[in-house]
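Q: Please find structure-v8.cif (mmCIF, C-alpha atoms) on the next line:
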data_protein
#
loop_
_atom_site.label_atom_id
_atom_site.label_comp_id
_atom_site.auth_asym_id
_atom_site.auth_seq_id
_atom_site.Cartn_x
_atom_site.Cartn_y
_atom_site.Cartn_z
CA MET A 1 124.06 88.91 100.31
CA ALA A 2 127.63 87.58 100.22
CA SER A 3 129.28 87.73 96.81
CA SER A 4 129.92 84.54 94.86
CA PRO A 5 133.49 83.16 94.92
CA ASP A 6 135.56 83.86 91.85
CA VAL A 7 135.76 81.13 89.24
CA PRO A 8 139.37 79.86 89.00
CA SER A 9 141.15 81.34 85.99
CA THR A 10 143.08 79.34 83.43
CA GLY A 11 146.42 78.27 84.83
CA ASN A 12 145.24 78.52 88.42
CA THR A 13 143.08 75.38 88.51
CA PRO A 14 143.30 72.62 91.13
CA GLU A 15 145.59 70.76 88.70
CA ASN A 16 147.92 73.78 88.58
CA PRO A 17 147.80 75.40 92.02
CA GLY A 18 149.70 78.62 92.37
CA SER A 19 150.65 78.70 88.72
CA ASP A 20 151.93 82.02 87.47
CA THR A 21 150.84 81.60 83.89
CA SER A 22 149.61 84.59 81.94
CA SER A 23 145.90 84.35 82.85
CA ASP A 24 146.08 87.67 84.70
CA THR A 25 148.71 89.26 82.47
CA PRO A 26 147.56 92.56 81.02
CA ASP A 27 146.75 92.34 77.32
CA ALA A 28 147.58 94.93 74.70
CA THR A 29 144.94 97.29 76.09
CA GLY A 30 146.45 97.16 79.57
CA ALA A 31 143.50 95.21 81.09
CA ALA A 32 143.86 91.90 82.91
CA SER A 33 142.05 89.33 80.77
CA GLY A 34 141.53 86.95 83.71
CA GLY A 35 139.92 89.74 85.76
CA GLU A 36 137.61 90.51 82.87
CA ARG A 37 136.53 86.87 82.69
CA ARG A 38 135.84 86.77 86.41
CA GLY A 39 133.86 90.00 86.17
CA ARG A 40 131.73 88.57 83.37
CA VAL A 41 131.12 85.36 85.33
CA ARG A 42 130.04 87.33 88.42
CA ALA A 43 127.72 89.47 86.32
CA ARG A 44 126.13 86.40 84.73
CA ARG A 45 125.66 84.77 88.14
CA ALA A 46 124.06 87.90 89.56
CA ALA A 47 121.67 88.08 86.61
CA VAL A 48 120.70 84.41 86.95
CA MET A 49 120.04 84.77 90.70
CA ALA A 50 117.98 87.91 90.16
CA VAL A 51 115.57 86.29 87.69
CA PRO A 52 113.88 83.84 90.13
CA ALA A 53 113.58 86.55 92.82
CA THR A 54 111.96 88.90 90.30
CA LEU A 55 109.52 86.22 89.16
CA VAL A 56 108.55 85.36 92.73
CA ALA A 57 108.00 89.03 93.62
CA ALA A 58 105.90 89.55 90.48
CA GLY A 59 103.86 86.43 91.27
CA LEU A 60 103.16 87.59 94.83
CA ALA A 61 102.10 91.02 93.57
CA VAL A 62 99.67 89.45 91.10
CA LEU A 63 98.23 87.08 93.72
CA THR A 64 97.80 89.89 96.23
CA ALA A 65 96.08 92.04 93.62
CA GLN A 66 93.74 89.15 92.80
CA GLY A 67 92.93 88.69 96.49
CA ALA A 68 94.28 85.14 96.45
CA LEU A 69 96.73 85.61 99.31
CA GLY A 70 95.11 87.91 101.83
CA VAL A 71 97.58 88.18 104.70
CA GLN A 72 100.02 85.27 104.64
CA PHE A 73 103.20 86.70 106.18
CA ALA A 74 104.42 86.13 109.73
CA ILE A 75 103.16 89.04 111.84
CA SER A 76 105.39 90.86 114.33
CA GLY A 77 102.84 90.44 117.11
CA MET A 78 102.86 94.20 117.76
CA PRO A 79 99.36 95.68 117.24
CA PHE A 80 98.92 99.05 115.55
CA THR A 81 96.04 101.52 115.64
CA VAL A 82 94.36 102.85 112.49
CA THR A 83 91.81 105.67 112.47
CA ALA A 84 89.99 107.60 109.74
CA THR A 85 87.19 110.12 109.85
CA GLU A 86 85.51 108.18 107.04
CA LEU A 87 86.01 105.01 105.03
CA ASN A 88 84.06 104.27 101.85
CA GLY A 89 84.42 100.99 100.03
CA THR A 90 82.95 98.87 97.24
CA GLY A 91 83.14 95.11 97.40
CA PHE A 92 83.26 94.28 101.12
CA GLU A 93 83.91 90.95 102.89
CA GLN A 94 84.59 89.98 106.50
CA PHE A 95 85.46 86.66 108.14
CA GLY A 96 87.45 85.20 111.04
CA GLY A 97 90.91 83.70 111.00
CA LEU A 98 94.25 83.25 112.74
CA ASP A 99 97.48 85.19 112.24
CA ASN A 100 100.82 83.59 113.14
CA MET A 101 103.97 85.19 114.49
CA ALA A 102 107.46 84.18 113.47
CA GLU A 103 108.75 81.16 115.38
CA GLY A 104 110.34 82.23 118.65
CA SER A 105 108.84 85.73 118.56
CA PRO A 106 109.32 87.53 121.90
CA ASN A 107 105.79 88.92 121.47
CA ALA A 108 104.15 85.48 121.54
CA GLY A 109 103.68 85.37 125.32
CA ASP A 110 101.35 82.51 126.24
CA SER A 111 99.43 82.76 122.94
CA GLY A 112 101.49 80.15 121.15
CA GLY A 113 102.31 82.81 118.56
CA GLN A 114 98.75 82.98 117.23
CA VAL A 115 96.25 85.86 117.23
CA LEU A 116 92.52 85.39 116.60
CA ILE A 117 91.53 88.10 114.11
CA ILE A 118 88.76 89.34 111.84
CA THR A 119 89.84 89.87 108.24
CA SER A 120 88.10 92.71 106.40
CA ALA A 121 88.59 92.80 102.62
CA ILE A 122 87.58 95.72 100.40
CA LYS A 123 88.00 95.75 96.62
CA HIS A 124 88.21 99.56 96.34
CA ALA A 125 88.46 101.88 99.35
CA THR A 126 88.99 105.55 100.14
CA LEU A 127 89.86 106.92 103.58
CA THR A 128 89.75 110.49 104.87
CA LYS A 129 92.34 111.70 107.38
CA LEU A 130 94.09 108.36 107.86
CA CYS A 131 96.20 107.93 110.99
CA GLN A 132 98.30 104.89 111.90
CA SER A 133 100.39 104.51 115.05
CA VAL A 134 102.54 101.81 116.64
CA ASP A 135 103.36 101.97 120.35
CA LEU A 136 107.12 101.35 120.64
CA GLY A 137 107.21 101.78 124.41
CA GLY A 138 107.68 105.39 125.46
CA THR A 139 107.15 106.72 121.93
CA ASN A 140 104.90 106.10 118.95
CA LEU A 141 105.70 105.72 115.27
CA LEU A 142 103.00 107.89 113.71
CA ILE A 143 101.87 107.97 110.06
CA THR A 144 99.24 110.37 108.71
CA ALA A 145 97.91 110.93 105.18
CA GLY A 146 94.85 112.12 103.29
CA SER A 147 94.27 115.24 105.38
CA GLY A 148 94.00 117.52 102.33
CA SER A 149 91.63 117.54 99.38
CA GLU A 150 92.87 114.16 98.09
CA LYS A 151 91.87 111.06 100.02
CA VAL A 152 93.89 107.93 100.73
CA SER A 153 92.91 105.20 98.26
CA ALA A 154 93.52 101.46 98.14
CA THR A 155 92.62 98.50 95.96
CA ASP A 156 92.42 94.90 97.17
CA LEU A 157 92.77 96.11 100.75
CA THR A 158 92.77 93.59 103.60
CA THR A 159 93.13 94.28 107.32
CA ASP A 160 93.48 91.76 110.14
CA SER A 161 91.92 93.29 113.26
CA THR A 162 91.16 92.38 116.84
CA GLU A 163 88.97 95.47 117.36
CA LEU A 164 86.93 97.65 114.99
CA SER A 165 84.53 100.46 115.83
CA GLY A 166 82.66 103.25 114.04
CA ASP A 167 79.30 104.13 112.56
CA ALA A 168 78.74 101.65 109.72
CA ALA A 169 76.28 101.40 106.83
CA PHE A 170 76.11 98.62 104.22
CA ASN A 171 74.28 98.12 100.92
CA ASN A 172 73.00 94.66 99.94
CA ILE A 173 74.62 92.94 102.90
CA GLU A 174 74.66 89.15 103.27
CA ILE A 175 75.29 87.77 106.77
CA GLY A 176 76.10 84.16 107.57
CA ASN A 177 77.87 83.13 104.36
CA ASP A 178 80.45 80.36 104.37
CA ALA A 179 83.75 82.26 104.04
CA SER A 180 84.89 79.98 101.21
CA THR A 181 82.00 81.17 99.00
CA LEU A 182 82.55 84.95 99.21
CA THR A 183 82.51 86.88 95.93
CA LYS A 184 82.36 90.64 96.60
CA ALA A 185 86.07 91.46 97.16
CA GLY A 186 87.74 88.51 95.44
CA VAL A 187 89.04 87.00 98.69
CA LYS A 188 87.90 83.60 99.99
CA GLY A 189 88.23 82.61 103.62
CA PRO A 190 88.44 79.14 105.22
CA ILE A 191 85.59 76.72 104.54
CA GLY A 192 83.09 76.40 107.39
CA VAL A 193 83.87 79.87 108.80
CA PHE A 194 81.11 82.43 109.43
CA SER A 195 81.35 85.54 107.24
CA GLN A 196 79.47 88.44 105.72
CA GLN A 197 79.73 90.52 102.55
CA ALA A 198 78.14 93.60 100.99
CA ASP A 199 78.19 95.61 97.78
CA THR A 200 79.32 98.78 99.61
CA VAL A 201 80.43 99.85 103.08
CA ARG A 202 80.71 103.23 104.77
CA ILE A 203 82.23 103.64 108.23
CA ALA A 204 82.42 107.04 109.92
CA ASN A 205 84.84 107.58 112.81
CA LEU A 206 86.68 104.36 112.01
CA ARG A 207 89.01 102.94 114.64
CA GLN A 208 90.84 99.61 114.32
CA THR A 209 93.41 97.62 116.26
CA ASN A 210 95.26 95.74 113.51
CA TYR A 211 97.99 93.15 113.28
CA ALA A 212 98.41 93.17 109.49
CA THR A 213 97.40 95.05 106.36
CA THR A 214 97.93 94.34 102.67
CA ALA A 215 96.86 96.13 99.50
CA GLY A 216 97.40 95.70 95.79
CA VAL A 217 97.79 99.49 95.46
CA PHE A 218 97.94 101.96 98.38
CA LYS A 219 98.10 105.70 97.65
CA LEU A 220 98.90 108.02 100.56
CA PRO A 221 98.70 111.72 99.54
CA GLY A 222 100.30 114.10 102.03
CA LEU A 223 102.15 111.27 103.79
CA LYS A 224 103.93 112.21 107.03
CA LEU A 225 105.95 109.75 109.15
CA ARG A 226 107.36 110.77 112.51
CA PHE A 227 107.81 109.85 116.17
CA SER A 228 105.27 111.21 118.62
CA GLY A 229 104.52 111.11 122.32
CA SER A 230 100.92 110.14 121.53
CA GLY A 231 99.28 107.76 119.06
CA CYS A 232 96.14 108.00 116.95
#
Please express the file's structure as structure tokens.

A:
Amino acid sequence: MASSPDVPSTGNTPENPGSDTSSDTPDATGAASGGERRGRVRARRAAVMAVPATLVAAGLAVLTAQGALGVQFAISGMPFTVTATELNGTGFEQFGGLDNMAEGSPNAGDSGGQVLIITSAIKHATLTKLCQSVDLGGTNLLITAGSGSEKVSATDLTTDSTELSGDAAFNNIEIGNDASTLTKAGVKGPIGVFSQQADTVRIANLRQTNYATTAGVFKLPGLKLRFSGSGC
């Protein structure tokens, strides 16, 4: 961010351009009093500008944790693969939607910048041997975690997927709900959209093609990030 322009010092105002009055004359301590004033003004401005940004960030964090936002950012349009040997979750919801790329994205192709996705929301989730990879063309950005005794854990987890596979089991599942009436994970989808929800979900040999992921808290024990010739 560019720095704010200095506030004109006394004696160097538009009414007195180029004046050489003593505004920048060192005082008895050897410091330039005008420079001190400008420094204080810049510090105050920086503090004032930081407050709204902090409030906005805190508000987004709260809304994400409450499941009120789901995925609302502009996606890159580059899919990524996620795998896990096992996912266990409490508070599960799933419904359809659309993700949007940034305007003018080179990844839009003939899609108009939109991707038809399935949003999966889980209130509390654990994943064993998580792997995530993004194909960058000739190499893959590879992330792994949860391969040791401690599993990956997440709260208020949402994923926007175009493909999902595995061996799934649900407890107390409801199929055919209106997405706007869901209650299990705290996320509500668009009214009139088909959805399902369950008290718990378990998926073995999970594999997803995702375009977006959010979480209120995401803990990745044993995290490793690297480039690799192969993906997940």

Q: What lies within 9 Å of Ala121 of chain A using all atoms listed in the file, ignoring chain neighbours under 3 positions off, as a PyMOL selection string?

A: chain A and resi 67+70+91-95+156-159+184-187

Q: Decode the PyMOL selection byres ((chain A and resi 163) around 12) for the given file into explicit residues and return them as a list in words.

A: Pro79, Phe80, Thr81, Val82, Thr83, Leu116, Ile117, Ile118, Thr119, Ser120, Thr159, Asp160, Ser161, Thr162, Leu164, Ser165, Gly166, Leu206, Arg207, Gln208, Thr209, Asn210 and Tyr211 of chain A

Q: To one decimal in Å, tell me the separation between atom CA of Gln197 of chain A and atom CA of Gly176 of chain A.

A: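 A separation of 8.9 Å between them.
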
Q: So what do you get for atom CA of Phe227 of chain A versus atom CA of Ser147 of chain A, distance-wise?

A: 18.1 Å

Q: Taking the file as shown, find all residues satisfying the PyMOL selection byres ((chain A and resi 86) around 9) and write them as a list in words.

A: Thr83, Ala84, Thr85, Leu87, Asn88, Thr126, Leu127, Thr128, Lys129, Leu130, Arg202, Ile203, Ala204, Asn205 and Leu206 of chain A

Q: Give me the residues within 7 Å of Ala125 of chain A as a list in words, counting all atoms listed in the file and dropping any in the same chain fewer than 6 places off.

A: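 Near neighbours after the sequence-gap exclusion: Leu87, Asn88, Gly89, Thr90, Ser153, Ala154 and Thr155 of chain A.
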
Q: May I have the residues from that selection written out with C-alpha atoms, as an mmCIF file, in the frame of the given file?

A:
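And here is the file that came out, again-v7.cif:
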data_model
loop_
_atom_site.group_PDB
_atom_site.id
_atom_site.type_symbol
_atom_site.label_atom_id
_atom_site.label_comp_id
_atom_site.auth_asym_id
_atom_site.auth_seq_id
_atom_site.Cartn_x
_atom_site.Cartn_y
_atom_site.Cartn_z
ATOM 1 C CA LEU A 87 86.010 105.010 105.030
ATOM 2 C CA ASN A 88 84.060 104.270 101.850
ATOM 3 C CA GLY A 89 84.420 100.990 100.030
ATOM 4 C CA THR A 90 82.950 98.870 97.240
ATOM 5 C CA SER A 153 92.910 105.200 98.260
ATOM 6 C CA ALA A 154 93.520 101.460 98.140
ATOM 7 C CA THR A 155 92.620 98.500 95.960
#

Q: I want to know what sits within 6 Å of Lys188 of chain A, based on all atoms listed in the file, with residues of the same chain fewer than 5 positions away left out; could you give that as a ChimeraX atom specification?

A: /A:179-180,182

Q: Quick check, in Å to one decimal: how far apart do atom CA of Asn107 of chain A and atom CA of Ser76 of chain A lie?

A: 7.4 Å

Q: Nearest to Ile122 of chain A: which of A:Thr181, A:Arg226, A:Ala215, A:Pro190 is it, counting only C-alpha atoms?

A: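 Of A:Thr181, A:Arg226, A:Ala215, A:Pro190, the one nearest Ile122 of chain A, counting only C-alpha atoms, is A:Ala215.
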
Q: Do a neighbour search on Asn172 of chain A at 9 Å with all atoms listed in the file, toss out local chain neighbours closer than 4 positions, and write the hits as a ChimeraX atom specification.

A: /A:197-200

Q: Please provide the set of residues having any atom within 9 Å of Val134 of chain A, restricted to only C-alpha atoms, with same-chain residues fewer than 4 positions apart removed, written as a PyMOL selection string.

A: chain A and resi 78-81+139-142+231-232

Q: For each of A:Ile173, A:Met101, A:Cys131, A:Leu220, take the minimum atom-to-atom distance to Ala74 of chain A, counting all atoms listed in the file, then give the residue where this is smallest.

A: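 Using all atoms listed in the file, the shortest distance to Ala74 of chain A belongs to A:Met101.
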
Q: Taking the file as shown, find all residues satisfying the PyMOL selection byres ((chain A and resi 113) around 12) and write them as a list in words.

A: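 In the shown coordinates, the PyMOL selection byres ((chain A and resi 113) around 12) covers Ala74, Ile75, Ser76, Gly77, Met78, Leu98, Asp99, Asn100, Met101, Ala102, Glu103, Gly104, Ser105, Pro106, Asn107, Ala108, Gly109, Asp110, Ser111, Gly112, Gln114, Val115 and Leu116 of chain A.
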
Q: Give me segment 182-194 of chain A with N, CA and C atoms filled in, as a PDB file, in the frame of the given file.

A:
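The file below, result.pdb, is the result:
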ATOM      1  N   LEU A 182      82.660  83.501  99.379  1.00  0.00           N
ATOM      2  CA  LEU A 182      82.550  84.950  99.210  1.00  0.00           C
ATOM      3  C   LEU A 182      82.944  85.382  97.801  1.00  0.00           C
ATOM      4  N   THR A 183      82.301  86.445  97.322  1.00  0.00           N
ATOM      5  CA  THR A 183      82.510  86.880  95.930  1.00  0.00           C
ATOM      6  C   THR A 183      82.705  88.385  95.774  1.00  0.00           C
ATOM      7  N   LYS A 184      82.433  89.191  96.784  1.00  0.00           N
ATOM      8  CA  LYS A 184      82.360  90.640  96.600  1.00  0.00           C
ATOM      9  C   LYS A 184      83.732  91.310  96.456  1.00  0.00           C
ATOM     10  N   ALA A 185      84.747  90.816  97.177  1.00  0.00           N
ATOM     11  CA  ALA A 185      86.070  91.460  97.160  1.00  0.00           C
ATOM     12  C   ALA A 185      87.137  90.598  96.505  1.00  0.00           C
ATOM     13  N   GLY A 186      86.765  89.382  96.086  1.00  0.00           N
ATOM     14  CA  GLY A 186      87.740  88.510  95.440  1.00  0.00           C
ATOM     15  C   GLY A 186      88.605  87.728  96.396  1.00  0.00           C
ATOM     16  N   VAL A 187      88.291  87.753  97.688  1.00  0.00           N
ATOM     17  CA  VAL A 187      89.040  87.000  98.690  1.00  0.00           C
ATOM     18  C   VAL A 187      88.137  85.907  99.253  1.00  0.00           C
ATOM     19  N   LYS A 188      88.666  84.712  99.409  1.00  0.00           N
ATOM     20  CA  LYS A 188      87.900  83.600  99.990  1.00  0.00           C
ATOM     21  C   LYS A 188      88.550  83.182 101.290  1.00  0.00           C
ATOM     22  N   GLY A 189      87.728  83.029 102.328  1.00  0.00           N
ATOM     23  CA  GLY A 189      88.230  82.610 103.620  1.00  0.00           C
ATOM     24  C   GLY A 189      88.168  81.095 103.773  1.00  0.00           C
ATOM     25  N   PRO A 190      88.460  80.581 104.973  1.00  0.00           N
ATOM     26  CA  PRO A 190      88.440  79.140 105.220  1.00  0.00           C
ATOM     27  C   PRO A 190      87.018  78.577 105.126  1.00  0.00           C
ATOM     28  N   ILE A 191      86.891  77.369 104.635  1.00  0.00           N
ATOM     29  CA  ILE A 191      85.590  76.720 104.540  1.00  0.00           C
ATOM     30  C   ILE A 191      85.045  76.446 105.949  1.00  0.00           C
ATOM     31  N   GLY A 192      83.737  76.640 106.116  1.00  0.00           N
ATOM     32  CA  GLY A 192      83.090  76.400 107.390  1.00  0.00           C
ATOM     33  C   GLY A 192      83.155  77.568 108.355  1.00  0.00           C
ATOM     34  N   VAL A 193      83.729  78.703 107.926  1.00  0.00           N
ATOM     35  CA  VAL A 193      83.870  79.870 108.800  1.00  0.00           C
ATOM     36  C   VAL A 193      82.771  80.879 108.501  1.00  0.00           C
ATOM     37  N   PHE A 194      82.164  81.414 109.552  1.00  0.00           N
ATOM     38  CA  PHE A 194      81.110  82.430 109.430  1.00  0.00           C
ATOM     39  C   PHE A 194      81.687  83.690 108.781  1.00  0.00           C
TER      40      PHE A 194
END
